[in-house]
Amino acid sequence: MIEYLKGTLADLTPALAVVECHGVGYGVNISLNTFSAIQGKQEVKLFVSESIREDAYQLWGFSTRAERELFTLLTSVSGIGAGIARVILSSMTVSELAGVISDGNDKMLKSVKGIGPKVAQRIIVDLRDKIGSLGIEGARGDGQGAKANGPIINKEVMDEAVAALTMLGFSPAPAHKAVQHILTEEPEAPVERVIKLALKML
């Protein structure tokens, strides 16, 4: 079992990090929170969760153990796969998600793509007690998380945001429309904020 990867950040998009360790490049699926945490760094350490199926072997990486623990808990809920768990963790910070589950805020959970009323309730029922045992302090927020520092060229933001949303399972056309709308309203918004806002719109 891989506990973590520590090495050079060879490539990075909002949905995928390539970490080079001793000459081997590992493609690691990441959330938007982890993207924000490691953006701009040369050396990184990602805590890993492995997904092994007959047709695929995937690595999921997280900048903190707490985020990995939440990912593991989410994927233990019936109806929540790794992809949906990543979308949830991209929509809210770790502390915000802990607060949402602890408070039984199914409305926030239902705002995430792929989460219907029944699944939202199942997440709350299954994980409320377990969240407390993790010792994660729940936060009440708008789910927008950390922002990157410094402006980014709008064209680059648009291309990167649309590519990330496509990797998260959204169709390119509506993703492009949502990103374009957001950047019209907030021309200086960094890519992770654009993606977070788009996740609420799509």
# chains A, B, ... in the order shown; residues from 1 in each chain; ligands from 1

call {"tool": "residues_around", "arguments": {"residues": "region 171-174 of chain A", "least_positions_apart": "5", "cutoff": "9 Å", "atoms": "only C-alpha atoms", "output": "list in words"}}
result
Val162, Ala163, Leu165, Thr166, Val179 and Leu202 of chain A

call {"tool": "write_last_selection", "arguments": {"atoms": "C-alpha atoms", "output": "PDB file, in the first residue's frame"}}
result
ATOM      1  CA  VAL A 162     -12.924  24.031 -18.630  1.00  0.00           C
ATOM      2  CA  ALA A 163     -10.341  21.234 -18.868  1.00  0.00           C
ATOM      3  CA  LEU A 165     -14.435  20.506 -15.223  1.00  0.00           C
ATOM      4  CA  THR A 166     -14.334  18.120 -18.178  1.00  0.00           C
ATOM      5  CA  VAL A 179     -16.770  29.503 -16.929  1.00  0.00           C
ATOM      6  CA  LEU A 202     -23.625  23.107 -13.476  1.00  0.00           C
TER       7      LEU A 202
END

call {"tool": "select_by_dssp", "arguments": {"residues": "chain A", "states": "helix (DSSP H, G or I)", "output": "PyMOL selection string"}}
result
chain A and resi 32-38+65-75+82-91+94-103+106-110+117-134+154-167+172-185+191-201

call {"tool": "closest_residue", "arguments": {"among": "A:Leu16, A:Lys45, A:Glu67, A:Ala120", "to": "Lys107 (chain A)", "atoms": "only C-alpha atoms"}}
result
A:Ala120

call {"tool": "closest_residue", "arguments": {"among": "A:Ala85, A:Ile38, A:Met201, A:Ile30", "to": "Ile123 (chain A)", "atoms": "only C-alpha atoms"}}
result
A:Ala85

call {"tool": "closest_residue", "arguments": {"among": "A:Glu186, A:Asn33, A:Ala82, A:His22", "to": "Ala66 (chain A)", "atoms": "only C-alpha atoms"}}
result
A:Asn33

call {"tool": "closest_residue", "arguments": {"among": "A:Leu168, A:Val157, A:Ala10, A:Val18", "to": "Arg193 (chain A)", "atoms": "only C-alpha atoms"}}
result
A:Val157

call {"tool": "atom_distance", "arguments": {"atom1": "CA of Val194 (chain A)", "atom2": "CA of Met158 (chain A)"}}
result
8.4 Å

call {"tool": "closest_residue", "arguments": {"among": "A:Glu96, A:Tyr4, A:Leu70, A:Gly79", "to": "Leu127 (chain A)", "atoms": "only C-alpha atoms"}}
result
A:Leu70

call {"tool": "closest_residue", "arguments": {"among": "A:Gly25, A:Gly99, A:Pro190, A:Gly116", "to": "Leu5 (chain A)", "atoms": "only C-alpha atoms"}}
result
A:Gly25

call {"tool": "atom_distance", "arguments": {"atom1": "CA of Arg122 (chain A)", "atom2": "CA of Ser90 (chain A)"}}
result
19.6 Å

call {"tool": "residues_around", "arguments": {"residues": "Leu9 (chain A)", "least_positions_apart": "3", "cutoff": "8 Å", "atoms": "only C-alpha atoms", "output": "PDB file with N, CA and C atoms, in the first residue's frame"}}
result
ATOM      1  N   LEU A  12       1.007  19.953 -13.227  1.00  0.00           N
ATOM      2  CA  LEU A  12      -0.139  20.183 -12.350  1.00  0.00           C
ATOM      3  C   LEU A  12      -1.289  20.822 -13.107  1.00  0.00           C
ATOM      4  N   ALA A  17      -2.133  15.827 -10.625  1.00  0.00           N
ATOM      5  CA  ALA A  17      -0.754  16.198 -10.329  1.00  0.00           C
ATOM      6  C   ALA A  17       0.153  15.049 -10.755  1.00  0.00           C
ATOM      7  N   VAL A  18       1.277  15.392 -11.363  1.00  0.00           N
ATOM      8  CA  VAL A  18       2.285  14.386 -11.703  1.00  0.00           C
ATOM      9  C   VAL A  18       3.461  14.599 -10.763  1.00  0.00           C
ATOM     10  N   VAL A  19       3.702  13.602  -9.915  1.00  0.00           N
ATOM     11  CA  VAL A  19       4.783  13.687  -8.935  1.00  0.00           C
ATOM     12  C   VAL A  19       5.891  12.736  -9.346  1.00  0.00           C
ATOM     13  N   GLU A  20       7.084  13.283  -9.555  1.00  0.00           N
ATOM     14  CA  GLU A  20       8.223  12.456  -9.950  1.00  0.00           C
ATOM     15  C   GLU A  20       8.995  12.017  -8.708  1.00  0.00           C
ATOM     16  N   LYS A  41       4.446  25.087  -5.893  1.00  0.00           N
ATOM     17  CA  LYS A  41       5.512  24.397  -5.179  1.00  0.00           C
ATOM     18  C   LYS A  41       6.316  23.505  -6.129  1.00  0.00           C
ATOM     19  N   GLN A  42       7.580  23.300  -5.800  1.00  0.00           N
ATOM     20  CA  GLN A  42       8.419  22.389  -6.586  1.00  0.00           C
ATOM     21  C   GLN A  42       8.442  20.997  -5.978  1.00  0.00           C
ATOM     22  N   GLU A  43       8.556  20.931  -4.667  1.00  0.00           N
ATOM     23  CA  GLU A  43       8.559  19.656  -3.959  1.00  0.00           C
ATOM     24  C   GLU A  43       7.237  19.502  -3.207  1.00  0.00           C
ATOM     25  N   VAL A  44       6.613  18.342  -3.331  1.00  0.00           N
ATOM     26  CA  VAL A  44       5.316  18.134  -2.689  1.00  0.00           C
ATOM     27  C   VAL A  44       5.265  16.783  -1.983  1.00  0.00           C
TER      28      VAL A  44
END

call {"tool": "decode", "arguments": {"residues": "region 12-101 of chain A", "atoms": "C-alpha atoms", "output": "JSON list (two decimals), in the first residue's frame"}}
result
[["chain", "number", "residue", "atom", "x", "y", "z"],
["A", 12, "LEU", "CA", -0.14, 20.18, -12.35],
["A", 13, "THR", "CA", -3.72, 20.84, -13.40],
["A", 14, "PRO", "CA", -6.70, 21.45, -11.10],
["A", 15, "ALA", "CA", -7.60, 17.75, -11.37],
["A", 16, "LEU", "CA", -4.25, 15.95, -11.79],
["A", 17, "ALA", "CA", -0.75, 16.20, -10.33],
["A", 18, "VAL", "CA", 2.28, 14.39, -11.70],
["A", 19, "VAL", "CA", 4.78, 13.69, -8.94],
["A", 20, "GLU", "CA", 8.22, 12.46, -9.95],
["A", 21, "CYS", "CA", 9.82, 10.12, -7.41],
["A", 22, "HIS", "CA", 13.24, 8.64, -8.24],
["A", 23, "GLY", "CA", 12.71, 8.94, -11.98],
["A", 24, "VAL", "CA", 9.13, 7.63, -12.00],
["A", 25, "GLY", "CA", 6.24, 10.02, -12.67],
["A", 26, "TYR", "CA", 3.05, 9.18, -10.81],
["A", 27, "GLY", "CA", -0.21, 10.60, -12.12],
["A", 28, "VAL", "CA", -2.32, 11.43, -9.07],
["A", 29, "ASN", "CA", -5.95, 12.55, -9.15],
["A", 30, "ILE", "CA", -6.44, 15.53, -6.85],
["A", 31, "SER", "CA", -9.20, 17.76, -5.52],
["A", 32, "LEU", "CA", -9.36, 21.51, -5.96],
["A", 33, "ASN", "CA", -8.35, 21.94, -2.31],
["A", 34, "THR", "CA", -5.14, 20.01, -2.88],
["A", 35, "PHE", "CA", -4.50, 21.91, -6.11],
["A", 36, "SER", "CA", -4.71, 25.17, -4.15],
["A", 37, "ALA", "CA", -2.38, 23.83, -1.46],
["A", 38, "ILE", "CA", 0.41, 22.66, -3.78],
["A", 39, "GLN", "CA", 0.17, 25.23, -6.60],
["A", 40, "GLY", "CA", 3.49, 26.96, -7.12],
["A", 41, "LYS", "CA", 5.51, 24.40, -5.18],
["A", 42, "GLN", "CA", 8.42, 22.39, -6.59],
["A", 43, "GLU", "CA", 8.56, 19.66, -3.96],
["A", 44, "VAL", "CA", 5.32, 18.13, -2.69],
["A", 45, "LYS", "CA", 4.05, 15.41, -0.39],
["A", 46, "LEU", "CA", 0.69, 13.85, -1.16],
["A", 47, "PHE", "CA", -1.09, 11.34, 1.04],
["A", 48, "VAL", "CA", -2.40, 8.61, -1.22],
["A", 49, "SER", "CA", -5.52, 6.51, -1.54],
["A", 50, "GLU", "CA", -5.35, 3.69, -4.10],
["A", 51, "SER", "CA", -8.28, 2.60, -6.24],
["A", 52, "ILE", "CA", -7.74, -0.82, -7.79],
["A", 53, "ARG", "CA", -10.28, -2.31, -10.18],
["A", 54, "GLU", "CA", -10.10, -4.92, -12.91],
["A", 55, "ASP", "CA", -10.00, -2.25, -15.61],
["A", 56, "ALA", "CA", -8.10, 0.53, -13.85],
["A", 57, "TYR", "CA", -5.53, 1.42, -11.22],
["A", 58, "GLN", "CA", -5.82, 4.98, -9.95],
["A", 59, "LEU", "CA", -4.05, 7.06, -7.34],
["A", 60, "TRP", "CA", -5.87, 9.78, -5.43],
["A", 61, "GLY", "CA", -3.68, 12.33, -3.65],
["A", 62, "PHE", "CA", -4.36, 14.77, -0.83],
["A", 63, "SER", "CA", -2.31, 17.54, 0.74],
["A", 64, "THR", "CA", -3.47, 16.57, 4.25],
["A", 65, "ARG", "CA", -4.34, 13.37, 6.07],
["A", 66, "ALA", "CA", -7.67, 14.91, 7.07],
["A", 67, "GLU", "CA", -8.73, 15.33, 3.45],
["A", 68, "ARG", "CA", -7.77, 11.73, 2.70],
["A", 69, "GLU", "CA", -9.76, 10.55, 5.71],
["A", 70, "LEU", "CA", -12.81, 12.41, 4.46],
["A", 71, "PHE", "CA", -12.33, 10.95, 0.99],
["A", 72, "THR", "CA", -12.18, 7.46, 2.50],
["A", 73, "LEU", "CA", -15.33, 8.09, 4.53],
["A", 74, "LEU", "CA", -17.21, 9.51, 1.55],
["A", 75, "THR", "CA", -16.36, 6.55, -0.67],
["A", 76, "SER", "CA", -17.60, 4.19, 2.05],
["A", 77, "VAL", "CA", -21.11, 5.59, 1.59],
["A", 78, "SER", "CA", -23.29, 3.65, -0.82],
["A", 79, "GLY", "CA", -23.67, 5.58, -4.08],
["A", 80, "ILE", "CA", -20.50, 7.64, -3.64],
["A", 81, "GLY", "CA", -17.62, 6.73, -5.93],
["A", 82, "ALA", "CA", -14.16, 8.24, -6.01],
["A", 83, "GLY", "CA", -15.11, 10.73, -8.74],
["A", 84, "ILE", "CA", -18.11, 12.10, -6.84],
["A", 85, "ALA", "CA", -16.08, 12.22, -3.62],
["A", 86, "ARG", "CA", -13.52, 14.39, -5.43],
["A", 87, "VAL", "CA", -16.24, 16.74, -6.68],
["A", 88, "ILE", "CA", -17.54, 17.10, -3.10],
["A", 89, "LEU", "CA", -14.03, 17.83, -1.81],
["A", 90, "SER", "CA", -13.56, 20.33, -4.64],
["A", 91, "SER", "CA", -16.77, 22.13, -3.74],
["A", 92, "MET", "CA", -15.95, 22.62, -0.05],
["A", 93, "THR", "CA", -12.90, 22.77, 2.17],
["A", 94, "VAL", "CA", -12.29, 19.96, 4.64],
["A", 95, "SER", "CA", -13.54, 22.02, 7.59],
["A", 96, "GLU", "CA", -16.59, 23.25, 5.67],
["A", 97, "LEU", "CA", -17.56, 19.72, 4.66],
["A", 98, "ALA", "CA", -17.12, 18.52, 8.25],
["A", 99, "GLY", "CA", -19.40, 21.34, 9.39],
["A", 100, "VAL", "CA", -22.01, 20.56, 6.72],
["A", 101, "ILE", "CA", -22.15, 16.88, 7.72]]
